[in-house]
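This is model-v3.csv. It holds CSV, C-alpha atoms.
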```
chain,number,residue,atom,x,y,z
A,1263,MET,CA,0.0,0.0,0.0
A,1264,LYS,CA,1.2,3.5,-0.8
A,1265,HIS,CA,0.8,6.5,1.5
A,1266,LEU,CA,0.5,9.9,-0.2
A,1267,PHE,CA,0.8,13.0,1.9
A,1268,ILE,CA,-0.6,16.1,0.2
A,1269,ILE,CA,0.4,19.2,2.1
A,1270,ASN,CA,-1.4,22.5,1.7
A,1271,PRO,CA,1.1,25.3,2.9
A,1272,ALA,CA,-1.8,27.9,2.8
A,1273,ALA,CA,-3.9,26.0,5.4
A,1274,GLY,CA,-4.2,27.5,8.9
A,1275,SER,CA,-2.4,30.5,10.2
A,1276,ARG,CA,1.1,29.5,9.1
A,1277,ASP,CA,2.9,27.2,6.7
A,1278,ARG,CA,3.4,23.9,8.4
A,1279,THR,CA,5.2,22.1,5.6
A,1280,ALA,CA,8.4,21.6,7.5
A,1281,ASP,CA,6.6,20.3,10.6
A,1282,TYR,CA,4.5,17.8,8.5
A,1283,THR,CA,7.6,16.7,6.6
A,1284,ALA,CA,9.7,16.0,9.7
A,1285,GLU,CA,6.9,14.0,11.3
A,1286,ILE,CA,6.2,12.0,8.2
A,1287,ARG,CA,9.8,11.1,7.7
A,1288,ARG,CA,10.2,10.1,11.3
A,1289,LEU,CA,7.2,7.8,11.4
A,1290,CYS,CA,7.0,6.4,7.9
A,1291,ALA,CA,10.5,5.0,7.5
A,1292,GLY,CA,10.1,1.6,5.8
A,1293,LEU,CA,6.8,2.5,4.3
A,1294,ASP,CA,6.1,3.3,0.6
A,1295,TYR,CA,5.3,7.0,1.0
A,1296,GLU,CA,5.4,10.2,-1.0
A,1297,ILE,CA,5.1,13.8,0.0
A,1298,ALA,CA,3.5,16.3,-2.4
A,1299,VAL,CA,3.1,20.1,-1.6
A,1300,SER,CA,0.3,22.0,-3.2
A,1301,ALA,CA,1.3,25.2,-5.0
A,1302,ALA,CA,-2.1,26.5,-6.1
A,1303,PRO,CA,-5.9,26.2,-5.3
A,1304,GLY,CA,-7.2,23.0,-6.9
A,1305,GLU,CA,-3.8,21.2,-6.9
A,1306,CYS,CA,-4.7,19.0,-3.9
A,1307,ARG,CA,-7.7,17.7,-5.9
A,1308,ARG,CA,-5.5,17.0,-9.0
A,1309,LEU,CA,-2.8,15.2,-7.0
A,1310,ALA,CA,-5.4,13.0,-5.3
A,1311,ARG,CA,-7.1,12.2,-8.6
A,1312,GLU,CA,-3.8,11.3,-10.3
A,1313,ALA,CA,-2.9,9.0,-7.4
A,1314,ALA,CA,-6.3,7.3,-7.5
A,1315,ARG,CA,-6.3,6.8,-11.2
A,1316,THR,CA,-3.2,4.6,-11.1
A,1317,GLY,CA,-5.3,1.8,-9.7
A,1318,GLU,CA,-2.7,1.2,-7.0
A,1319,GLU,CA,-4.0,0.9,-3.4
A,1320,VAL,CA,-3.3,4.2,-1.8
A,1321,ARG,CA,-4.1,6.1,1.3
A,1322,ILE,CA,-4.1,9.8,0.9
A,1323,TYR,CA,-3.6,12.2,3.8
A,1324,ALA,CA,-5.0,15.7,3.5
A,1325,CYS,CA,-2.4,17.8,5.4
A,1326,GLY,CA,-4.3,21.0,6.2
A,1327,GLY,CA,-7.8,22.0,7.1
A,1328,ASP,CA,-11.3,21.4,5.8
A,1329,GLY,CA,-10.6,23.1,2.5
A,1330,THR,CA,-7.7,20.7,1.9
A,1331,LEU,CA,-9.7,17.7,2.9
A,1332,ASN,CA,-12.5,18.8,0.5
A,1333,GLU,CA,-10.1,18.9,-2.4
A,1334,VAL,CA,-8.5,15.6,-1.6
A,1335,ALA,CA,-11.9,13.8,-1.0
A,1336,SER,CA,-13.4,15.2,-4.2
A,1337,GLY,CA,-10.3,14.1,-6.1
A,1338,ALA,CA,-10.4,10.5,-4.8
A,1339,ALA,CA,-14.2,10.0,-4.7
A,1340,GLY,CA,-15.5,7.1,-6.8
A,1341,PHE,CA,-12.2,5.2,-6.7
A,1342,SER,CA,-12.4,1.9,-4.7
A,1343,ASN,CA,-8.6,1.6,-4.5
A,1344,ALA,CA,-8.2,5.0,-2.7
A,1345,ALA,CA,-9.0,6.2,0.8
A,1346,VAL,CA,-8.5,9.6,2.3
A,1347,THR,CA,-8.2,11.1,5.7
A,1348,ALA,CA,-7.5,14.5,7.4
A,1349,TYR,CA,-4.0,14.9,8.9
A,1350,SER,CA,-5.3,18.0,10.7
A,1351,GLY,CA,-3.4,21.2,10.6
A,1352,GLY,CA,-5.9,23.9,9.5
A,1353,SER,CA,-7.7,26.5,11.5
A,1354,GLY,CA,-11.1,24.7,11.6
A,1355,ASN,CA,-10.8,21.0,11.1
A,1356,ASP,CA,-14.6,20.8,11.4
A,1357,PHE,CA,-15.3,17.6,9.5
A,1358,VAL,CA,-13.4,15.3,11.9
A,1359,LYS,CA,-15.3,16.7,14.9
A,1360,LEU,CA,-18.0,14.1,14.1
A,1361,PHE,CA,-15.6,11.5,15.5
A,1362,SER,CA,-15.3,10.7,19.2
A,1363,ASP,CA,-11.7,12.0,19.4
A,1364,PRO,CA,-11.0,14.7,16.8
A,1365,ALA,CA,-7.5,15.3,18.2
A,1366,ALA,CA,-6.5,11.8,17.0
A,1367,PHE,CA,-6.4,13.2,13.5
A,1368,SER,CA,-3.3,15.3,14.5
A,1369,ASP,CA,-1.5,12.1,15.6
A,1370,LEU,CA,0.1,10.5,12.6
A,1371,SER,CA,1.0,7.3,14.5
A,1372,ARG,CA,-2.7,6.7,15.0
A,1373,LEU,CA,-3.6,7.5,11.4
A,1374,LEU,CA,-1.1,4.9,10.2
A,1375,ASP,CA,-3.1,2.2,12.1
A,1376,ALA,CA,-6.6,2.9,10.8
A,1377,GLU,CA,-9.9,1.5,9.7
A,1378,GLU,CA,-12.1,2.7,6.9
A,1379,ALA,CA,-15.7,3.7,6.2
A,1380,SER,CA,-17.5,4.6,3.0
A,1381,PHE,CA,-18.9,8.1,3.2
A,1382,ASP,CA,-21.4,10.0,1.0
A,1383,MET,CA,-20.5,13.1,-1.0
A,1384,ILE,CA,-22.6,16.1,-1.9
A,1385,LEU,CA,-22.8,17.0,-5.6
A,1386,CYS,CA,-23.3,20.8,-5.7
A,1387,ASN,CA,-23.9,21.6,-9.4
A,1388,ASP,CA,-20.6,20.4,-10.9
A,1389,ASP,CA,-18.6,20.3,-7.6
A,1390,LEU,CA,-18.2,17.6,-4.9
A,1391,ALA,CA,-18.2,18.4,-1.2
A,1392,LEU,CA,-17.8,16.2,1.8
A,1393,ASN,CA,-19.2,18.2,4.7
A,1394,ILE,CA,-21.7,21.0,4.5
A,1395,CYS,CA,-22.9,23.3,1.7
A,1396,SER,CA,-25.2,26.3,2.0
A,1397,VAL,CA,-26.9,29.2,0.1
A,1398,GLY,CA,-27.8,32.6,1.5
A,1399,LEU,CA,-26.7,34.4,4.6
A,1400,ASP,CA,-25.0,31.3,5.9
A,1401,ALA,CA,-23.0,31.0,2.7
A,1402,ARG,CA,-21.9,34.6,2.8
A,1403,ILE,CA,-20.8,34.2,6.4
A,1404,GLY,CA,-19.0,30.9,5.8
A,1405,THR,CA,-17.1,32.0,2.7
A,1406,ASP,CA,-16.0,35.3,4.2
A,1407,VAL,CA,-14.5,33.6,7.3
A,1408,ALA,CA,-11.2,33.0,5.5
A,1409,ARG,CA,-10.5,36.8,5.1
A,1410,TYR,CA,-11.1,37.4,8.8
A,1411,LYS,CA,-8.9,34.6,9.9
A,1412,ARG,CA,-6.0,36.7,8.6
A,1413,ILE,CA,-6.6,39.3,11.3
A,1414,PRO,CA,-4.3,38.7,14.3
A,1415,PHE,CA,-5.9,36.8,17.2
A,1416,ILE,CA,-9.1,36.1,15.1
A,1417,HIS,CA,-9.3,32.3,14.6
A,1418,GLY,CA,-11.9,29.5,14.6
A,1419,PHE,CA,-15.3,30.6,16.1
A,1420,ASN,CA,-14.1,34.2,16.6
A,1421,ALA,CA,-13.6,34.6,12.8
A,1422,TYR,CA,-17.0,33.1,12.2
A,1423,ALA,CA,-18.6,35.4,14.7
A,1424,LEU,CA,-17.0,38.5,13.1
A,1425,SER,CA,-18.2,37.4,9.7
A,1426,THR,CA,-21.7,36.8,11.0
A,1427,LEU,CA,-21.9,40.3,12.5
A,1428,ILE,CA,-20.7,42.0,9.3
A,1429,ASN,CA,-22.9,40.0,7.0
A,1430,LEU,CA,-26.0,40.6,9.2
A,1431,LEU,CA,-25.5,44.3,8.7
A,1432,ARG,CA,-25.4,43.8,4.9
A,1433,GLY,CA,-28.8,42.2,4.9
A,1434,ILE,CA,-30.5,39.0,6.1
A,1435,SER,CA,-33.1,37.5,3.7
A,1436,GLU,CA,-33.4,37.0,0.0
A,1437,HIS,CA,-36.0,35.6,-2.4
A,1438,TYR,CA,-35.5,31.9,-3.3
A,1439,VAL,CA,-37.6,29.2,-4.8
A,1440,VAL,CA,-36.7,26.0,-3.0
A,1441,GLU,CA,-37.8,22.7,-4.6
A,1442,ILE,CA,-37.5,19.7,-2.2
A,1443,ASP,CA,-39.4,16.4,-1.7
A,1444,GLY,CA,-42.0,17.4,-4.3
A,1445,GLU,CA,-42.7,20.7,-2.5
A,1446,ARG,CA,-42.1,24.2,-4.1
A,1447,ILE,CA,-41.4,26.8,-1.5
A,1448,ASP,CA,-41.4,30.4,-2.9
A,1449,GLY,CA,-40.6,33.2,-0.6
A,1450,GLN,CA,-38.1,35.2,1.4
A,1451,GLN,CA,-35.5,32.9,3.0
A,1452,THR,CA,-32.6,33.6,5.3
A,1453,PHE,CA,-30.5,30.6,4.1
A,1454,VAL,CA,-30.6,26.9,3.2
A,1455,CYS,CA,-28.0,24.6,4.9
A,1456,VAL,CA,-27.3,21.1,3.5
A,1457,CYS,CA,-25.5,18.7,5.8
A,1458,ASN,CA,-23.6,15.5,5.1
A,1459,GLY,CA,-21.3,16.1,8.1
A,1460,ARG,CA,-22.1,17.8,11.3
A,1461,PHE,CA,-19.8,20.6,12.2
A,1462,TYR,CA,-18.7,23.8,10.4
A,1463,GLY,CA,-17.9,27.4,11.1
A,1464,GLY,CA,-15.5,26.6,13.9
A,1465,GLY,CA,-18.1,24.9,16.1
A,1466,PHE,CA,-21.6,25.1,14.6
A,1467,ASN,CA,-23.4,21.8,14.8
A,1468,PRO,CA,-26.8,22.4,13.2
A,1469,VAL,CA,-27.9,18.8,12.7
A,1470,PRO,CA,-26.2,16.6,15.4
A,1471,GLU,CA,-27.9,13.5,13.9
A,1472,ALA,CA,-26.5,13.9,10.4
A,1473,ASP,CA,-24.8,10.8,9.2
A,1474,PRO,CA,-22.4,10.9,6.3
A,1475,ALA,CA,-23.0,7.2,5.5
A,1476,ASP,CA,-26.8,7.1,5.4
A,1477,GLY,CA,-27.4,8.1,1.8
A,1478,LYS,CA,-29.4,11.1,2.8
A,1479,LEU,CA,-28.8,14.9,3.2
A,1480,ASP,CA,-30.1,16.8,6.2
A,1481,VAL,CA,-31.5,20.1,5.0
A,1482,LEU,CA,-32.4,23.1,7.2
A,1483,LEU,CA,-34.5,25.8,5.5
A,1484,VAL,CA,-34.4,28.9,7.6
A,1485,GLU,CA,-37.2,31.3,6.7
A,1486,LYS,CA,-37.1,35.1,6.8
A,1487,VAL,CA,-36.1,36.5,10.2
A,1488,SER,CA,-35.6,40.0,11.6
A,1489,LEU,CA,-32.3,41.4,12.9
A,1490,LEU,CA,-33.9,41.4,16.4
A,1491,GLN,CA,-34.7,37.6,16.2
A,1492,VAL,CA,-31.1,36.6,15.2
A,1493,PRO,CA,-29.5,36.5,18.7
A,1494,ALA,CA,-32.2,34.2,20.0
A,1495,ILE,CA,-32.1,31.9,16.9
A,1496,ILE,CA,-28.4,31.6,16.3
A,1497,GLY,CA,-27.5,29.9,19.6
A,1498,LYS,CA,-30.2,27.3,19.1
A,1499,TYR,CA,-29.1,26.8,15.5
A,1500,LYS,CA,-25.4,26.5,16.5
A,1501,ASN,CA,-26.2,23.8,19.0
A,1502,GLY,CA,-28.5,21.7,16.8
A,1503,ARG,CA,-31.8,22.7,18.6
A,1504,TRP,CA,-33.7,23.4,15.4
A,1505,ARG,CA,-36.7,21.5,16.7
A,1506,GLU,CA,-37.3,24.4,19.1
A,1507,LEU,CA,-38.0,26.8,16.2
A,1508,PRO,CA,-40.6,25.0,14.1
A,1509,GLU,CA,-42.1,28.4,13.0
A,1510,ILE,CA,-38.7,29.5,11.5
A,1511,ILE,CA,-36.7,26.4,10.7
A,1512,ARG,CA,-37.9,23.4,8.6
A,1513,HIS,CA,-35.9,20.2,8.5
A,1514,PHE,CA,-35.9,17.7,5.6
A,1515,ARG,CA,-34.1,14.4,5.1
A,1516,THR,CA,-33.7,14.0,1.4
A,1517,ASP,CA,-31.4,13.1,-1.5
A,1518,ARG,CA,-31.9,16.3,-3.5
A,1519,VAL,CA,-32.7,20.0,-3.2
A,1520,ARG,CA,-32.8,22.7,-5.8
A,1521,ILE,CA,-32.6,26.4,-5.1
A,1522,LEU,CA,-33.5,29.1,-7.6
A,1523,CYS,CA,-32.2,32.6,-6.9
A,1524,ASP,CA,-33.1,36.0,-8.4
A,1525,GLY,CA,-29.5,36.6,-9.3
A,1526,PRO,CA,-26.0,35.2,-8.9
A,1527,THR,CA,-25.7,34.2,-5.3
A,1528,PRO,CA,-22.8,33.0,-3.0
A,1529,VAL,CA,-22.7,29.2,-2.4
A,1530,ASN,CA,-20.7,27.8,0.4
A,1531,LEU,CA,-18.9,24.5,-0.6
A,1532,ASP,CA,-17.1,23.3,2.5
A,1533,GLY,CA,-16.0,26.8,3.1
A,1534,GLU,CA,-15.1,27.5,-0.5
A,1535,LEU,CA,-16.9,30.1,-2.5
A,1536,ARG,CA,-18.9,29.4,-5.6
A,1537,VAL,CA,-21.4,31.7,-7.3
A,1538,ALA,CA,-24.6,30.5,-9.0
A,1539,GLN,CA,-28.2,31.5,-9.7
A,1540,ALA,CA,-29.6,28.0,-9.8
A,1541,VAL,CA,-28.1,25.5,-7.3
A,1542,THR,CA,-28.8,21.8,-7.2
A,1543,MET,CA,-27.4,19.8,-4.2
A,1544,GLU,CA,-27.9,16.0,-4.1
A,1545,VAL,CA,-26.3,12.9,-2.9
A,1546,ALA,CA,-23.5,12.2,-5.3
A,1547,ARG,CA,-23.2,8.9,-7.2
A,1548,GLU,CA,-19.5,8.8,-6.1
A,1549,LYS,CA,-18.6,7.8,-2.5
A,1550,VAL,CA,-15.3,8.3,-0.8
A,1551,ASN,CA,-13.4,5.8,1.4
A,1552,PHE,CA,-12.4,7.6,4.6
A,1553,PHE,CA,-9.9,6.1,7.1
A,1554,TYR,CA,-9.6,7.1,10.7
A,1555,PRO,CA,-7.7,6.0,13.8
A,1556,LYS,CA,-8.9,2.7,15.3
A,1557,ASN,CA,-11.5,2.6,18.1
A,1558,LEU,CA,-13.0,6.0,17.2
A,1559,ALA,CA,-16.8,6.2,16.9
A,1560,TRP,CA,-18.6,8.5,14.4
A,1561,THR,CA,-22.2,7.1,14.7
A,1562,ALA,CA,-24.8,9.9,14.9
A,1563,LYS,CA,-25.7,11.0,18.4
A,1564,SER,CA,-29.3,10.0,17.9
A,1565,GLU,CA,-28.3,6.4,17.3
A,1566,ILE,CA,-25.8,6.3,20.2
A,1567,LEU,CA,-28.5,7.5,22.6
```
Written as structure tokens, how would this file's structure read?
Amino acid sequence: MKHLFIINPAAGSRDRTADYTAEIRRLCAGLDYEIAVSAAPGECRRLAREAARTGEEVRIYACGGDGTLNEVASGAAGFSNAAVTAYSGGSGNDFVKLFSDPAAFSDLSRLLDAEEASFDMILCNDDLALNICSVGLDARIGTDVARYKRIPFIHGFNAYALSTLINLLRGISEHYVVEIDGERIDGQQTFVCVCNGRFYGGGFNPVPEADPADGKLDVLLVEKVSLLQVPAIIGKYKNGRWRELPEIIRHFRTDRVRILCDGPTPVNLDGELRVAQAVTMEVAREKVNFFYPKNLAWTAKSEIL
């Protein structure tokens, strides 16, 4: 088996290429391994796809944060001979928070002794995503976070909170037509959040029962709210208490949702920005093999309880 480490030097608050390389060389002596360093956006995806296409059994380590993992996973999706994981080093590392010990993804010795699961992917128009996608206020907040992380002492949830404040002042609701489960919902909406994973935004956990292996997407449709309502709503939304807001938030478990916007609109794709006027999000045909340290649990909370 080959081990491919794809390092994203742009992930996180500093370039950790030297740190990653030293640890890989220390622990992988005697293994068939390769280290590749991304030089541009999209290159992690290309490197993962090229490795998967060889047909050789390969484990690919996304050395960075959620954006790096998204690229690597989308590159390897659909290839049975390839498996991916997060060797965490970004500022968010939200996807791995669904596991019982997220810190284990920073321990290479544990990642080298791993087990695998087959996870769903989200097909968002022509792009693949592993974790969470959204349209509307939430997308504007999520895709603006990267710029605020560059401010000294603003990281993780603080960057998300700052982006939230600024985007609230820009405006909350927009007109969308949402087609889901045979229903056509036409009106002002705050945002639509589509979950395959559970965590994003440095700690938001909108659907704690979301399961990336169940063949379904958990969709939250947040209807129009006022600025005065936001403080009361955001805490419940952040902590997965959407059931307490039935007059504002609707939940769907589905395999497809289509959103028609009045004009080009920001789309959040695992923290990456896309712009579209018509957005279709569905369970992708391709799955991705995901490996993780042994003895970690990732079963949805509702099933554990």
Interatomic distance (Å, one decimal) between atom CA of A:Cys1395 and atom CA of A:Cys1457: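 Atom CA of A:Cys1395 sits 6.7 Å away from atom CA of A:Cys1457.
Among A:Leu1309, A:Ile1428, A:Ala1324, A:Ala1391, the residue with the shortest atom-to-atom distance to A:Phe1367, counting only C-alpha atoms, is A:Ala1324.
Across the structure, atom CA of A:Pro1271 and atom CA of A:Ala1302 are spaced 9.6 Å apart.
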Contacts of stretch 1526-1538 of chain A within 6 Å, only C-alpha atoms, excl. fewer than 3 positions in-chain, as a count of residues only: 8
Select all residues near (-3.6, 19.2, 3.0) (cut-off 8 Å, inclusive, file coordinates), counting only C-alpha atoms, and output them as a compact mmCIF listing (two decimals) with C-alpha atoms, keeping the file's coordinate frame.
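out.txt, written as the output of this step:
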```txt
# COMPACT_ATOMS: atom_id res chain seq x y z
CA PHE A 1267 0.80 13.00 1.90
CA ILE A 1268 -0.60 16.10 0.20
CA ILE A 1269 0.40 19.20 2.10
CA ASN A 1270 -1.40 22.50 1.70
CA PRO A 1271 1.10 25.30 2.90
CA ALA A 1273 -3.90 26.00 5.40
CA SER A 1300 0.30 22.00 -3.20
CA CYS A 1306 -4.70 19.00 -3.90
CA TYR A 1323 -3.60 12.20 3.80
CA ALA A 1324 -5.00 15.70 3.50
CA CYS A 1325 -2.40 17.80 5.40
CA GLY A 1326 -4.30 21.00 6.20
CA GLY A 1327 -7.80 22.00 7.10
CA THR A 1330 -7.70 20.70 1.90
CA LEU A 1331 -9.70 17.70 2.90
CA VAL A 1334 -8.50 15.60 -1.60
CA ALA A 1348 -7.50 14.50 7.40
CA TYR A 1349 -4.00 14.90 8.90
CA SER A 1350 -5.30 18.00 10.70
CA GLY A 1351 -3.40 21.20 10.60
```
Residues of stretch 1265-1372 of chain A that have any atom at most 9 Å from an atom of stretch 1539-1548 of chain A: could you tabulate them with the shortest-distance atom pair and the distance in Å to one decimal, using all atoms listed in the file, ordered by chain and increasing number, as CSV?
```
residue,atom,partner,partner_atom,distance
A:Ala1339,CA,A:Glu1548,CA,5.6
A:Gly1340,CA,A:Glu1548,CA,4.4
A:Phe1341,CA,A:Glu1548,CA,8.2
```
Polymer residues at most 9 Å from (-6.9, 2.1, 9.0) by only C-alpha atoms, as a ChimeraX atom specification: /A:1372-1378,1552-1556
Those residues with C-alpha atoms, as a short mmCIF file (atom, residue, chain, number, x, y, z; two decimals), in the frame of the given file please?
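Written output follows (again-v2.cif):
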```
data_model
loop_
_atom_site.label_atom_id
_atom_site.label_comp_id
_atom_site.auth_asym_id
_atom_site.auth_seq_id
_atom_site.Cartn_x
_atom_site.Cartn_y
_atom_site.Cartn_z
CA ARG A 1372 -2.70 6.70 15.00
CA LEU A 1373 -3.60 7.50 11.40
CA LEU A 1374 -1.10 4.90 10.20
CA ASP A 1375 -3.10 2.20 12.10
CA ALA A 1376 -6.60 2.90 10.80
CA GLU A 1377 -9.90 1.50 9.70
CA GLU A 1378 -12.10 2.70 6.90
CA PHE A 1552 -12.40 7.60 4.60
CA PHE A 1553 -9.90 6.10 7.10
CA TYR A 1554 -9.60 7.10 10.70
CA PRO A 1555 -7.70 6.00 13.80
CA LYS A 1556 -8.90 2.70 15.30
#
```
Nearest-residue call for A:Ile1286, choices A:Val1469, A:Ala1314, A:Leu1392, A:Leu1370, using all atoms listed in the file: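 Of the candidates, the smallest distance to A:Ile1286 is held by A:Leu1370.
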Gap from atom CA of A:Cys1455 to atom CA of A:Asp1400 - Å, one decimal: 7.4 Å
Among listed residues A:Ala1298, A:Leu1483, A:Val1440, A:Leu1431, nearest A:Thr1452 (using all atoms listed in the file): A:Leu1483
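If you measure from each of A:Asn1429, A:Thr1516, A:Ser1368, A:Asn1387 to A:Glu1441 using all atoms listed in the file, the closest one turns out to be A:Thr1516.
Among the candidate residues A:Arg1402, A:Arg1460, A:Lys1478, A:His1437, the one lying nearest to A:Leu1522 is A:His1437, with distances computed using all atoms listed in the file.
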